[in-house]
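Colleague: Before anything else, here's the structure in question.
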Amino acid sequence: MGGDIRRKGKVESATTFVERMKKVYEEAEAALRKMQEEMKKYADRGRKETKVWKKGDRVLLSTKDLVFKERPTKKLTERYVEPYVIEEVVSSNAVKLQLPSSMRIHLVINVSWIVRYKEQVKGQKKEEGKLVEAEGVEGWEVEKILNKKKIRGVEKYLI
């Protein structure tokens with residue numbers, strides 16, 4: 001009865017199994033690395049370098065998501081307001097501005113809300129007209145009216 005109890009079947013040895021698994025692992029790792037490089041290439045197409053901000057820089061604040069009660073229509077609101085000073089650089093993506101207390105927003109904002117302020121060239125500065133009150137209504141003083149049209153019962157003036 002003394003036969004060999006170790007059967008020779010379809011079970012592979014441990015060393016061949018380890019070698020096969022190592023080869024499969026290396027192939028999977030190479031495929032993942034290739035996919036990572038490809039994904040990075042396509043993701044970086046729409047990205048750009050971030051601007052470096054430092055304390056004391058003057059910036060303009062975007063009015064895109066701000067609400068101004070004194071301005072009744074968003075259509076006539078400026079895109080950017082005031083040059084504000086950067087008080088602190090919190091991270092590469094956020095800065096703290098010196099804002100007036102009347103502006104009720106958080107002082108730390110994302111850099112996508114700001115653009116660098118450029119000094120105006122001599123002679124470029126806009127001179128605003130004088131605000132005058134006529135017949136109890138405030139308005140702007142104009143030199144002359146070039147054209148007057150009546151559209152849908154409302155008079156429109158081209159200045």
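Chain labels run A, B, ... following the order of the structure tokens; each chain numbers its residues from 1, and ligands are numbered from 1 in the order shown.
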Any idea what's packed within 6 Å of region 71-81 of chain A, counting only C-alpha atoms, ignoring anything in its chain fewer than 4 positions away? Could you give it as a tab-separated table (two decimals) with C-alpha atoms, in the first residue's frame?
Modeller:
chain	number	residue	atom	x	y	z
A	60	LEU	CA	-9.59	94.36	-9.36
A	61	LEU	CA	-12.48	92.33	-7.96
A	62	SER	CA	-14.95	90.64	-10.33
A	63	THR	CA	-18.60	91.63	-9.94
Colleague: Looking only at the backbone, which of the residues in region 28-83 of chain A does DSSP tag as strand (DSSP E), as a PyMOL selection string?
Modeller: chain A and resi 58-62+80-83
Colleague: Looking at A:Lys64, A:Lys23, A:Lys51, A:Arg33, which one is nearest to Val111 (chain A), with distances taken over only C-alpha atoms?
Modeller: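 Closest to Val111 (chain A) of all the choices is A:Lys51.
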Colleague: CA of Tyr117 (chain A) and CA of Arg45 (chain A), how far apart in Å?
Modeller: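 Taking CA of Arg45 (chain A) and CA of Tyr117 (chain A), their separation equals 27.3 Å.
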